[in-house]
Every structure is written in C-alpha cells, then in structure tokens.
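With PDB, C-alpha atoms and all ligand atoms inside, this is query.pdb:
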```
ATOM      1  CA  MET A 173     -27.081 -19.796  30.380  1.00  0.00           C
ATOM      2  CA  ARG A 174     -29.935 -17.430  31.311  1.00  0.00           C
ATOM      3  CA  HIS A 175     -30.125 -14.018  32.990  1.00  0.00           C
ATOM      4  CA  MET A 176     -31.650 -13.791  36.497  1.00  0.00           C
ATOM      5  CA  ASP A 177     -34.930 -12.638  34.913  1.00  0.00           C
ATOM      6  CA  GLY A 178     -35.040 -15.809  32.813  1.00  0.00           C
ATOM      7  CA  SER A 179     -34.213 -14.165  29.478  1.00  0.00           C
ATOM      8  CA  PRO A 180     -31.523 -15.900  27.416  1.00  0.00           C
ATOM      9  CA  ALA A 181     -28.043 -14.392  27.758  1.00  0.00           C
ATOM     10  CA  PRO A 182     -26.563 -13.024  24.518  1.00  0.00           C
ATOM     11  CA  ARG A 183     -24.314 -15.550  22.808  1.00  0.00           C
ATOM     12  CA  LEU A 184     -20.643 -14.703  23.057  1.00  0.00           C
ATOM     13  CA  PHE A 185     -19.030 -15.208  19.660  1.00  0.00           C
ATOM     14  CA  PRO A 186     -15.274 -15.611  19.544  1.00  0.00           C
ATOM     15  CA  PRO A 187     -13.622 -12.447  18.170  1.00  0.00           C
ATOM     16  CA  PRO A 188     -12.594 -12.760  14.512  1.00  0.00           C
ATOM     17  CA  ASP A 189      -9.102 -14.128  14.043  1.00  0.00           C
ATOM     18  CA  MET A 190      -7.133 -11.179  12.620  1.00  0.00           C
ATOM     19  CA  THR A 191      -3.728 -12.843  12.598  1.00  0.00           C
ATOM     20  CA  PHE A 192      -1.980 -12.394   9.278  1.00  0.00           C
ATOM     21  CA  GLN A 193       1.060 -13.505   7.362  1.00  0.00           C
ATOM     22  CA  ILE A 194       3.055 -11.388   4.915  1.00  0.00           C
ATOM     23  CA  ILE A 195       4.838 -13.276   2.127  1.00  0.00           C
ATOM     24  CA  PRO A 196       6.492 -12.380  -1.197  1.00  0.00           C
ATOM     25  CA  MET A 197       4.085 -11.929  -4.110  1.00  0.00           C
ATOM     26  CA  THR A 198       4.418 -14.343  -7.048  1.00  0.00           C
ATOM     27  CA  PRO A 199       2.832 -14.168 -10.522  1.00  0.00           C
ATOM     28  CA  ALA A 200       0.237 -16.700  -9.290  1.00  0.00           C
ATOM     29  CA  HIS A 201      -1.057 -14.037  -6.847  1.00  0.00           C
ATOM     30  CA  ILE A 202      -1.772 -11.379  -9.464  1.00  0.00           C
ATOM     31  CA  ALA A 203      -5.388 -12.313 -10.271  1.00  0.00           C
ATOM     32  CA  GLU A 204      -6.386 -12.252  -6.603  1.00  0.00           C
ATOM     33  CA  ALA A 205      -4.406  -9.049  -5.957  1.00  0.00           C
ATOM     34  CA  VAL A 206      -6.352  -7.381  -8.771  1.00  0.00           C
ATOM     35  CA  ARG A 207      -9.581  -8.392  -6.976  1.00  0.00           C
ATOM     36  CA  VAL A 208      -8.288  -6.873  -3.715  1.00  0.00           C
ATOM     37  CA  GLN A 209      -7.355  -3.736  -5.668  1.00  0.00           C
ATOM     38  CA  ALA A 210     -10.950  -3.408  -6.896  1.00  0.00           C
ATOM     39  CA  GLN A 211     -12.151  -3.190  -3.286  1.00  0.00           C
ATOM     40  CA  ALA A 212      -9.480  -0.718  -2.199  1.00  0.00           C
ATOM     41  CA  PHE A 213      -9.141   1.816  -5.019  1.00  0.00           C
ATOM     42  CA  PRO A 214     -11.561   3.762  -7.233  1.00  0.00           C
ATOM     43  CA  GLU A 215     -11.624   2.681 -10.845  1.00  0.00           C
ATOM     44  CA  ASP A 216      -9.458   5.528 -12.177  1.00  0.00           C
ATOM     45  CA  LEU A 217      -6.584   4.518  -9.890  1.00  0.00           C
ATOM     46  CA  ARG A 218      -6.611   0.780 -10.650  1.00  0.00           C
ATOM     47  CA  GLU A 219      -4.020  -1.033 -12.737  1.00  0.00           C
ATOM     48  CA  SER A 220      -4.507  -3.947 -15.129  1.00  0.00           C
ATOM     49  CA  PRO A 221      -3.162  -7.486 -14.552  1.00  0.00           C
ATOM     50  CA  GLU A 222      -0.745  -6.795 -17.449  1.00  0.00           C
ATOM     51  CA  VAL A 223       0.710  -3.796 -15.650  1.00  0.00           C
ATOM     52  CA  PHE A 224       0.991  -5.813 -12.407  1.00  0.00           C
ATOM     53  CA  ALA A 225       2.854  -8.490 -14.378  1.00  0.00           C
ATOM     54  CA  ASN A 226       5.163  -5.952 -16.034  1.00  0.00           C
ATOM     55  CA  ARG A 227       6.034  -4.333 -12.677  1.00  0.00           C
ATOM     56  CA  MET A 228       6.544  -7.783 -11.215  1.00  0.00           C
ATOM     57  CA  GLU A 229       8.979  -8.832 -13.965  1.00  0.00           C
ATOM     58  CA  ARG A 230      11.209  -5.940 -12.998  1.00  0.00           C
ATOM     59  CA  PHE A 231      10.783  -5.759  -9.232  1.00  0.00           C
ATOM     60  CA  GLY A 232       8.695  -8.714  -8.050  1.00  0.00           C
ATOM     61  CA  ALA A 233      11.188  -9.609  -5.331  1.00  0.00           C
ATOM     62  CA  TYR A 234       9.990  -6.553  -3.395  1.00  0.00           C
ATOM     63  CA  PHE A 235       6.240  -7.129  -3.718  1.00  0.00           C
ATOM     64  CA  ARG A 236       4.251  -8.559  -0.822  1.00  0.00           C
ATOM     65  CA  VAL A 237       0.887 -10.191  -0.264  1.00  0.00           C
ATOM     66  CA  VAL A 238      -0.836 -10.711   3.046  1.00  0.00           C
ATOM     67  CA  PHE A 239      -3.002 -13.650   4.003  1.00  0.00           C
ATOM     68  CA  MET A 240      -5.461 -14.274   6.811  1.00  0.00           C
ATOM     69  CA  GLY A 241      -5.731 -18.048   6.845  1.00  0.00           C
ATOM     70  CA  ASP A 242      -5.924 -19.047   3.193  1.00  0.00           C
ATOM     71  CA  ARG A 243      -7.466 -15.765   2.025  1.00  0.00           C
ATOM     72  CA  MET A 244      -5.475 -12.956   0.437  1.00  0.00           C
ATOM     73  CA  VAL A 245      -6.513  -9.744   2.176  1.00  0.00           C
ATOM     74  CA  GLY A 246      -3.950  -7.273   0.887  1.00  0.00           C
ATOM     75  CA  TYR A 247      -0.818  -6.525  -1.055  1.00  0.00           C
ATOM     76  CA  MET A 248       2.014  -4.023  -1.370  1.00  0.00           C
ATOM     77  CA  ILE A 249       3.733  -2.986  -4.597  1.00  0.00           C
ATOM     78  CA  SER A 250       7.057  -1.265  -3.963  1.00  0.00           C
ATOM     79  CA  PHE A 251      10.381  -0.924  -5.762  1.00  0.00           C
ATOM     80  CA  PRO A 252      13.696   0.947  -5.920  1.00  0.00           C
ATOM     81  CA  TRP A 253      13.082   4.314  -7.552  1.00  0.00           C
ATOM     82  CA  LYS A 254      14.377   7.814  -8.263  1.00  0.00           C
ATOM     83  CA  LEU A 255      13.399  10.312  -5.568  1.00  0.00           C
ATOM     84  CA  GLY A 256      11.161  13.001  -7.061  1.00  0.00           C
ATOM     85  CA  ASP A 257       9.959  10.772  -9.908  1.00  0.00           C
ATOM     86  CA  THR A 258       6.697   8.886 -10.115  1.00  0.00           C
ATOM     87  CA  PRO A 259       5.627   5.950 -12.266  1.00  0.00           C
ATOM     88  CA  VAL A 260       2.689   6.534 -14.594  1.00  0.00           C
ATOM     89  CA  ASN A 261      -0.342   4.782 -13.181  1.00  0.00           C
ATOM     90  CA  ASN A 262      -1.600   1.785 -15.139  1.00  0.00           C
ATOM     91  CA  GLU A 263       1.244   2.016 -17.663  1.00  0.00           C
ATOM     92  CA  THR A 264       4.095  -0.453 -18.077  1.00  0.00           C
ATOM     93  CA  PHE A 265       7.531   0.817 -17.108  1.00  0.00           C
ATOM     94  CA  PRO A 266       9.731   2.348 -19.816  1.00  0.00           C
ATOM     95  CA  ALA A 267      12.649   0.108 -20.793  1.00  0.00           C
ATOM     96  CA  ASP A 268      15.175   2.409 -19.132  1.00  0.00           C
ATOM     97  CA  LEU A 269      14.622   3.650 -15.635  1.00  0.00           C
ATOM     98  CA  PRO A 270      16.810   6.226 -13.896  1.00  0.00           C
ATOM     99  CA  GLU A 271      19.366   5.056 -11.316  1.00  0.00           C
ATOM    100  CA  PRO A 272      17.371   4.487  -8.102  1.00  0.00           C
ATOM    101  CA  ASP A 273      18.186   6.381  -4.906  1.00  0.00           C
ATOM    102  CA  CYS A 274      15.129   5.600  -2.759  1.00  0.00           C
ATOM    103  CA  PHE A 275      12.490   2.939  -2.159  1.00  0.00           C
ATOM    104  CA  TYR A 276       9.060   3.750  -3.581  1.00  0.00           C
ATOM    105  CA  ILE A 277       5.727   2.503  -2.260  1.00  0.00           C
ATOM    106  CA  HIS A 278       3.372   2.405  -5.212  1.00  0.00           C
ATOM    107  CA  ASP A 279       0.367   0.670  -3.610  1.00  0.00           C
ATOM    108  CA  ILE A 280      -0.770  -0.697  -0.305  1.00  0.00           C
ATOM    109  CA  ALA A 281      -4.245  -2.177  -0.424  1.00  0.00           C
ATOM    110  CA  ILE A 282      -6.100  -4.010   2.336  1.00  0.00           C
ATOM    111  CA  LEU A 283      -9.613  -5.446   2.090  1.00  0.00           C
ATOM    112  CA  PRO A 284     -12.040  -3.383   4.191  1.00  0.00           C
ATOM    113  CA  GLU A 285     -12.768  -6.266   6.584  1.00  0.00           C
ATOM    114  CA  ALA A 286      -9.051  -6.774   7.303  1.00  0.00           C
ATOM    115  CA  ARG A 287      -8.271  -3.131   8.136  1.00  0.00           C
ATOM    116  CA  GLY A 288      -7.290  -1.987  11.613  1.00  0.00           C
ATOM    117  CA  ALA A 289      -5.304  -5.153  12.354  1.00  0.00           C
ATOM    118  CA  GLY A 290      -1.904  -3.532  11.866  1.00  0.00           C
ATOM    119  CA  ILE A 291      -1.269  -5.014   8.421  1.00  0.00           C
ATOM    120  CA  SER A 292      -0.221  -1.788   6.724  1.00  0.00           C
ATOM    121  CA  LYS A 293       2.063  -0.966   9.634  1.00  0.00           C
ATOM    122  CA  ALA A 294       3.764  -4.368   9.245  1.00  0.00           C
ATOM    123  CA  MET A 295       4.061  -3.886   5.471  1.00  0.00           C
ATOM    124  CA  LEU A 296       5.564  -0.427   5.935  1.00  0.00           C
ATOM    125  CA  ASP A 297       8.113  -1.887   8.378  1.00  0.00           C
ATOM    126  CA  ASP A 298       8.919  -4.491   5.735  1.00  0.00           C
ATOM    127  CA  ALA A 299       9.439  -1.706   3.143  1.00  0.00           C
ATOM    128  CA  TYR A 300      11.671   0.313   5.491  1.00  0.00           C
ATOM    129  CA  GLN A 301      13.816  -2.780   6.151  1.00  0.00           C
ATOM    130  CA  THR A 302      14.162  -3.371   2.407  1.00  0.00           C
ATOM    131  CA  ALA A 303      15.066   0.287   1.826  1.00  0.00           C
ATOM    132  CA  LEU A 304      17.803   0.114   4.474  1.00  0.00           C
ATOM    133  CA  ARG A 305      19.068  -3.203   3.116  1.00  0.00           C
ATOM    134  CA  LEU A 306      19.372  -1.617  -0.337  1.00  0.00           C
ATOM    135  CA  GLY A 307      21.348   1.281   1.159  1.00  0.00           C
ATOM    136  CA  PHE A 308      18.694   3.983   0.619  1.00  0.00           C
ATOM    137  CA  ASP A 309      17.972   6.715   3.142  1.00  0.00           C
ATOM    138  CA  ALA A 310      14.457   7.604   1.994  1.00  0.00           C
ATOM    139  CA  VAL A 311      11.122   6.047   1.117  1.00  0.00           C
ATOM    140  CA  SER A 312       8.869   7.983  -1.257  1.00  0.00           C
ATOM    141  CA  LEU A 313       5.360   7.748  -2.682  1.00  0.00           C
ATOM    142  CA  VAL A 314       2.481   9.719  -4.096  1.00  0.00           C
ATOM    143  CA  ALA A 315      -0.419  10.170  -1.678  1.00  0.00           C
ATOM    144  CA  VAL A 316      -3.654   9.972  -3.630  1.00  0.00           C
ATOM    145  CA  GLY A 317      -7.327  10.578  -2.901  1.00  0.00           C
ATOM    146  CA  GLN A 318      -8.310   9.927   0.695  1.00  0.00           C
ATOM    147  CA  SER A 319      -4.979   8.376   1.714  1.00  0.00           C
ATOM    148  CA  GLY A 320      -3.219  11.659   2.632  1.00  0.00           C
ATOM    149  CA  ASN A 321      -4.025  11.389   6.362  1.00  0.00           C
ATOM    150  CA  PHE A 322      -2.731   7.845   6.451  1.00  0.00           C
ATOM    151  CA  TRP A 323       0.671   8.897   5.090  1.00  0.00           C
ATOM    152  CA  ASP A 324       0.812  12.013   7.319  1.00  0.00           C
ATOM    153  CA  ASN A 325       0.121   9.686  10.237  1.00  0.00           C
ATOM    154  CA  ALA A 326       2.943   7.377   9.131  1.00  0.00           C
ATOM    155  CA  GLY A 327       5.392  10.328   9.231  1.00  0.00           C
ATOM    156  CA  PHE A 328       5.690  11.098   5.512  1.00  0.00           C
ATOM    157  CA  VAL A 329       6.167  14.761   4.578  1.00  0.00           C
ATOM    158  CA  PRO A 330       5.637  16.532   1.251  1.00  0.00           C
ATOM    159  CA  TYR A 331       8.710  16.236  -0.970  1.00  0.00           C
ATOM    160  CA  MET A 332       9.261  19.703  -2.407  1.00  0.00           C
ATOM    161  CA  GLN A 333      12.685  19.425  -4.068  1.00  0.00           C
ATOM    162  CA  VAL A 334      11.155  19.162  -7.499  1.00  0.00           C
ATOM    163  CA  GLY A 335      10.258  21.836 -10.016  1.00  0.00           C
ATOM    164  CA  PRO A 336       6.699  22.841 -10.951  1.00  0.00           C
ATOM    165  CA  GLN A 337       6.895  20.676 -14.063  1.00  0.00           C
ATOM    166  CA  LYS A 338       7.290  17.436 -12.074  1.00  0.00           C
ATOM    167  CA  LEU A 339       4.701  18.479  -9.506  1.00  0.00           C
ATOM    168  CA  GLY A 340       2.315  19.266 -12.364  1.00  0.00           C
ATOM    169  CA  ARG A 341       2.950  15.814 -13.770  1.00  0.00           C
ATOM    170  CA  VAL A 342       2.057  14.174 -10.434  1.00  0.00           C
ATOM    171  CA  LEU A 343      -1.285  16.006 -10.482  1.00  0.00           C
ATOM    172  CA  GLU A 344      -1.833  15.114 -14.114  1.00  0.00           C
ATOM    173  CA  ILE A 345      -1.240  11.391 -13.459  1.00  0.00           C
ATOM    174  CA  TYR A 346      -2.887  11.031 -10.049  1.00  0.00           C
ATOM    175  CA  GLY A 347      -5.511  13.765 -10.005  1.00  0.00           C
ATOM    176  CA  PRO A 348      -6.147  16.872  -7.887  1.00  0.00           C
ATOM    177  CA  GLY A 349      -4.849  16.630  -4.312  1.00  0.00           C
ATOM    178  CA  ALA A 350      -2.104  14.100  -5.118  1.00  0.00           C
ATOM    179  CA  ARG A 351       1.088  14.815  -3.177  1.00  0.00           C
ATOM    180  CA  LEU A 352       4.631  13.598  -3.687  1.00  0.00           C
ATOM    181  CA  MET A 353       5.846  12.568  -0.213  1.00  0.00           C
ATOM    182  CA  ALA A 354       8.980  11.155   1.363  1.00  0.00           C
ATOM    183  CA  LEU A 355      10.158   9.745   4.675  1.00  0.00           C
ATOM    184  CA  PRO A 356      13.847   9.891   5.627  1.00  0.00           C
ATOM    185  CA  ILE A 357      14.823   6.592   7.254  1.00  0.00           C
TER     186      ILE A 357
HETATM  187  C1  LIG B   1      -4.843   2.824   4.154  1.00  0.00           C
HETATM  188  C2  LIG B   1      -4.862   1.302   4.468  1.00  0.00           C
HETATM  189  C3  LIG B   1      -3.767   0.603   3.681  1.00  0.00           C
HETATM  190  C4  LIG B   1      -4.625   1.143   6.000  1.00  0.00           C
HETATM  191  O1  LIG B   1      -4.613  -0.242   6.294  1.00  0.00           O
HETATM  192  P1  LIG B   1      -4.809  -0.817   7.792  1.00  0.00           P
HETATM  193  O2  LIG B   1      -4.477  -2.274   7.745  1.00  0.00           O
HETATM  194  O3  LIG B   1      -6.133  -0.435   8.309  1.00  0.00           O
HETATM  195  O4  LIG B   1      -3.698  -0.055   8.600  1.00  0.00           O
HETATM  196  P2  LIG B   1      -3.176  -0.398  10.087  1.00  0.00           P
HETATM  197  O5  LIG B   1      -4.200  -1.185  10.842  1.00  0.00           O
HETATM  198  O6  LIG B   1      -1.794  -0.997   9.983  1.00  0.00           O
HETATM  199  O7  LIG B   1      -3.048   1.057  10.703  1.00  0.00           O
HETATM  200  C5  LIG B   1      -1.818   1.741  10.750  1.00  0.00           C
HETATM  201  C6  LIG B   1      -2.083   3.142  11.277  1.00  0.00           C
HETATM  202  O8  LIG B   1      -2.708   3.918  10.254  1.00  0.00           O
HETATM  203  C7  LIG B   1      -3.906   4.503  10.753  1.00  0.00           C
HETATM  204  N1  LIG B   1      -4.831   4.574   9.641  1.00  0.00           N
HETATM  205  C8  LIG B   1      -5.403   3.547   8.970  1.00  0.00           C
HETATM  206  N2  LIG B   1      -6.172   4.030   7.962  1.00  0.00           N
HETATM  207  C9  LIG B   1      -6.088   5.388   8.021  1.00  0.00           C
HETATM  208  C10 LIG B   1      -6.639   6.461   7.260  1.00  0.00           C
HETATM  209  N3  LIG B   1      -7.451   6.240   6.210  1.00  0.00           N
HETATM  210  N4  LIG B   1      -6.317   7.745   7.600  1.00  0.00           N
HETATM  211  C11 LIG B   1      -5.495   7.996   8.654  1.00  0.00           C
HETATM  212  N5  LIG B   1      -4.928   7.027   9.407  1.00  0.00           N
HETATM  213  C12 LIG B   1      -5.232   5.749   9.098  1.00  0.00           C
HETATM  214  C13 LIG B   1      -4.347   3.579  11.870  1.00  0.00           C
HETATM  215  O9  LIG B   1      -5.183   4.263  12.773  1.00  0.00           O
HETATM  216  C14 LIG B   1      -3.009   3.204  12.476  1.00  0.00           C
HETATM  217  O10 LIG B   1      -2.556   4.284  13.284  1.00  0.00           O
HETATM  218  P3  LIG B   1      -1.707   4.037  14.640  1.00  0.00           P
HETATM  219  O11 LIG B   1      -0.422   3.388  14.207  1.00  0.00           O
HETATM  220  O12 LIG B   1      -1.520   5.423  15.167  1.00  0.00           O
HETATM  221  O13 LIG B   1      -2.559   3.135  15.467  1.00  0.00           O
HETATM  222  C15 LIG B   1      -6.246   0.679   4.133  1.00  0.00           C
HETATM  223  O14 LIG B   1      -7.228   1.448   4.764  1.00  0.00           O
HETATM  224  C16 LIG B   1      -6.542   0.645   2.616  1.00  0.00           C
HETATM  225  O15 LIG B   1      -6.255  -0.355   1.949  1.00  0.00           O
HETATM  226  N6  LIG B   1      -7.150   1.712   2.079  1.00  0.00           N
HETATM  227  C17 LIG B   1      -7.494   1.797   0.646  1.00  0.00           C
HETATM  228  C18 LIG B   1      -6.252   1.877  -0.249  1.00  0.00           C
HETATM  229  C19 LIG B   1      -5.339   3.024   0.129  1.00  0.00           C
HETATM  230  O16 LIG B   1      -5.760   4.185   0.289  1.00  0.00           O
HETATM  231  N7  LIG B   1      -4.033   2.724   0.268  1.00  0.00           N
HETATM  232  C20 LIG B   1      -3.023   3.694   0.660  1.00  0.00           C
HETATM  233  C21 LIG B   1      -2.517   4.452  -0.506  1.00  0.00           C
HETATM  234  S1  LIG B   1      -1.534   3.496  -1.623  1.00  0.00           S
END
```
As structure tokens, the full file:
Amino acid sequence: MRHMDGSPAPRLFPPPDMTFQIIPMTPAHIAEAVRVQAQAFPEDLRESPEVFANRMERFGAYFRVVFMGDRMVGYMISFPWKLGDTPVNNETFPADLPEPDCFYIHDIAILPEARGAGISKAMLDDAYQTALRLGFDAVSLVAVGQSGNFWDNAGFVPYMQVGPQKLGRVLEIYGPGARLMALPI
C-alpha cells in the first residue's frame, strides 16, 4: 500500500501479545525466577537460589510464576506470616516461625517488558483469595525502594501497631525508606 503522494505507508505491526498465565511455582522454576529477580531488584535486595529453595520448602504451595507463551516473565513469593513481623532478606527461615495471622507478600517481580499488562494486579488478586481461603483478614508486606507508590496505589497503608524496635529492624533489613504496610481484606 502507498500514500496518495506515492510514499510507502508505514508497516502496521501486530501489537505484542501480552496475554499471560499464572501458575504455581515449582523447584524447577527457581533458576529462571532468580534471573527475573536480577532484572527487577537492585543487588542488595536480591535473594540466592538457596534462599528461594528454603522458602519454597516451607511455603511453595503459595508461590506463583507468570508466563507469556513459554517465557517466564514474573513471579510472586508469598506466605502465611505474623502481622508486624518481617522475614530477613536473603536469609533462610528460622526453624520455628510464629503462629501466622496474615498473608505476607515478600516479592512480586515482573520483567520490564511485561509490565503494564495487569500481571501484578492479577497476582495480588490471587494473594487476596489465598489470604481469605486461609481465614486471614489482612495482607502485609514491606515496601522497599521505589515500590512505595505501587503499594499505596494498591490500597496498602502503613502498619503502625509495632514498637520502635521492630520498625528499626525493618529499616535495618530493608534500608532507609522501607515501610511495613498492611491491607485489611
Ligand atoms: C511493581 C511491579 C510489580 C508492577 O507490575 P505491573 O505488571 O506493571 O503492574 P500492573 O500492570 O498489574 O499494574 C497494576 C497497577 O499498579 C500501577 N503501577 C505499576 N507500577 C507502578 C509503580 N512503580 N508505582 C505506582 N504504580 C504502579 C499501574 O499503573 C496499575 O494501576 P491501575 O490499577 O490504577 O491501572 C513491576 O513494576 C516490578 O516488577 N517492579 C520491580 C520490582 C518491584 O518493585 N516489586 C514490588 C515490590 S516487591
């Protein structure tokens, strides 16, 4: 096809296919999830494959990965947890964990080219459904680095029912600006 003036019309490419599928994470997904992590988080916030595996042993049933076609483009690490507590980043869990009373979102990571397609929204919905199924009435997390606006936007509010010692610990583990947040569901 040509324009009236004879110049070639720009080619119309089909829009990229952004359909995605969310499935449970298995140990076989860990290596690829670690590669996604490297594109989503700065080095000081990343966790090792060993820590992924340790978290998965305890709570893997709640972890998710997301695929576009046959390519993993994101993952979510989440588990039952004690409101007001936070896991230590890149450290295996202690043998004994307190009795959980909320669902905790530890990580959501999406490859840059797959963002804006509604994946995190779908993963959050998945987490809220799990939380309700487990009988919890809150979802909690620590907002780190640049992600604060994202969690504000999703309706999370700062969780303040903890003493200065625990809040200090959140900052110590996750760096300046980290905020303990919760969403009643
Ligand atoms: C934050 C992140 C998970 C969002 O993923 P996404 O697939 O683009 O999210 P969605 O397309 O589902 O968008 C959901 C909503 O969040 C908003 N949003 C996305 N990224 C945002 C950001 N950085 N700040 C504020 N809002 C944001 C979208 O505009 C959308 O809003 P709407 O519902 O009002 O339209 C992704 O950018 C990412 O992996 N970032 C790096 C890792 C990270 O910071 N993870 C979160 C902390 S664990």
Within-7 Å residues of ligand LIG 1 (chain B), basis all atoms listed in the file, as a list in words: Ala212, Phe213, His278, Asp279, Ile280, Ala281, Ile282, Leu283, Pro284, Ala286, Arg287, Gly288, Ala289, Gly290, Ile291, Ser292, Lys293, Ala294, Ala315, Val316, Gln318, Ser319, Asn321, Phe322, Asn325 and Ala326 of chain A
Using all atoms listed in the file, which residues sit within 10 Å of A:Gly317 once same-chain residues fewer than 2 positions away are excluded, as a list of chain:residue names?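 Surrounding residues, per the criterion: A:Phe213, A:Pro214, A:Leu217, A:Val314, A:Ala315, A:Ser319, A:Gly320, A:Asn321, A:Tyr346, A:Gly347, A:Pro348, A:Gly349, A:Ala350, A:Arg351.
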Separation of atom CA of A:Val223 from atom CA of A:Glu204 in Å: 14.3 Å
Give as a PyMOL selection string the set of residues within 10 Å of the point (4.5, 11.3, 5.8), where distances use the file's coordinates and all atoms listed in the file. chain A and resi 311-313+315+320-331+352-356
What's the separation between atom CA of A:Gly340 and atom CA of A:Phe275, in Å to one decimal place?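 The value is 21.8 Å.
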Restricting the calculation to all atoms listed in the file: of A:Phe251, A:Asp257, A:Thr264, A:Gly335, which residue gets closest to A:Phe308?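 Looking at the shortest contact to A:Phe308, the residue is A:Phe251.
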Would you mind listing what lies within 7 Å of A:Ile345 as a list in words, with all atoms listed in the file counted and same-chain residues fewer than 2 positions away left out? Val260, Asn261, Arg341, Val342, Leu343 and Gly347 of chain A
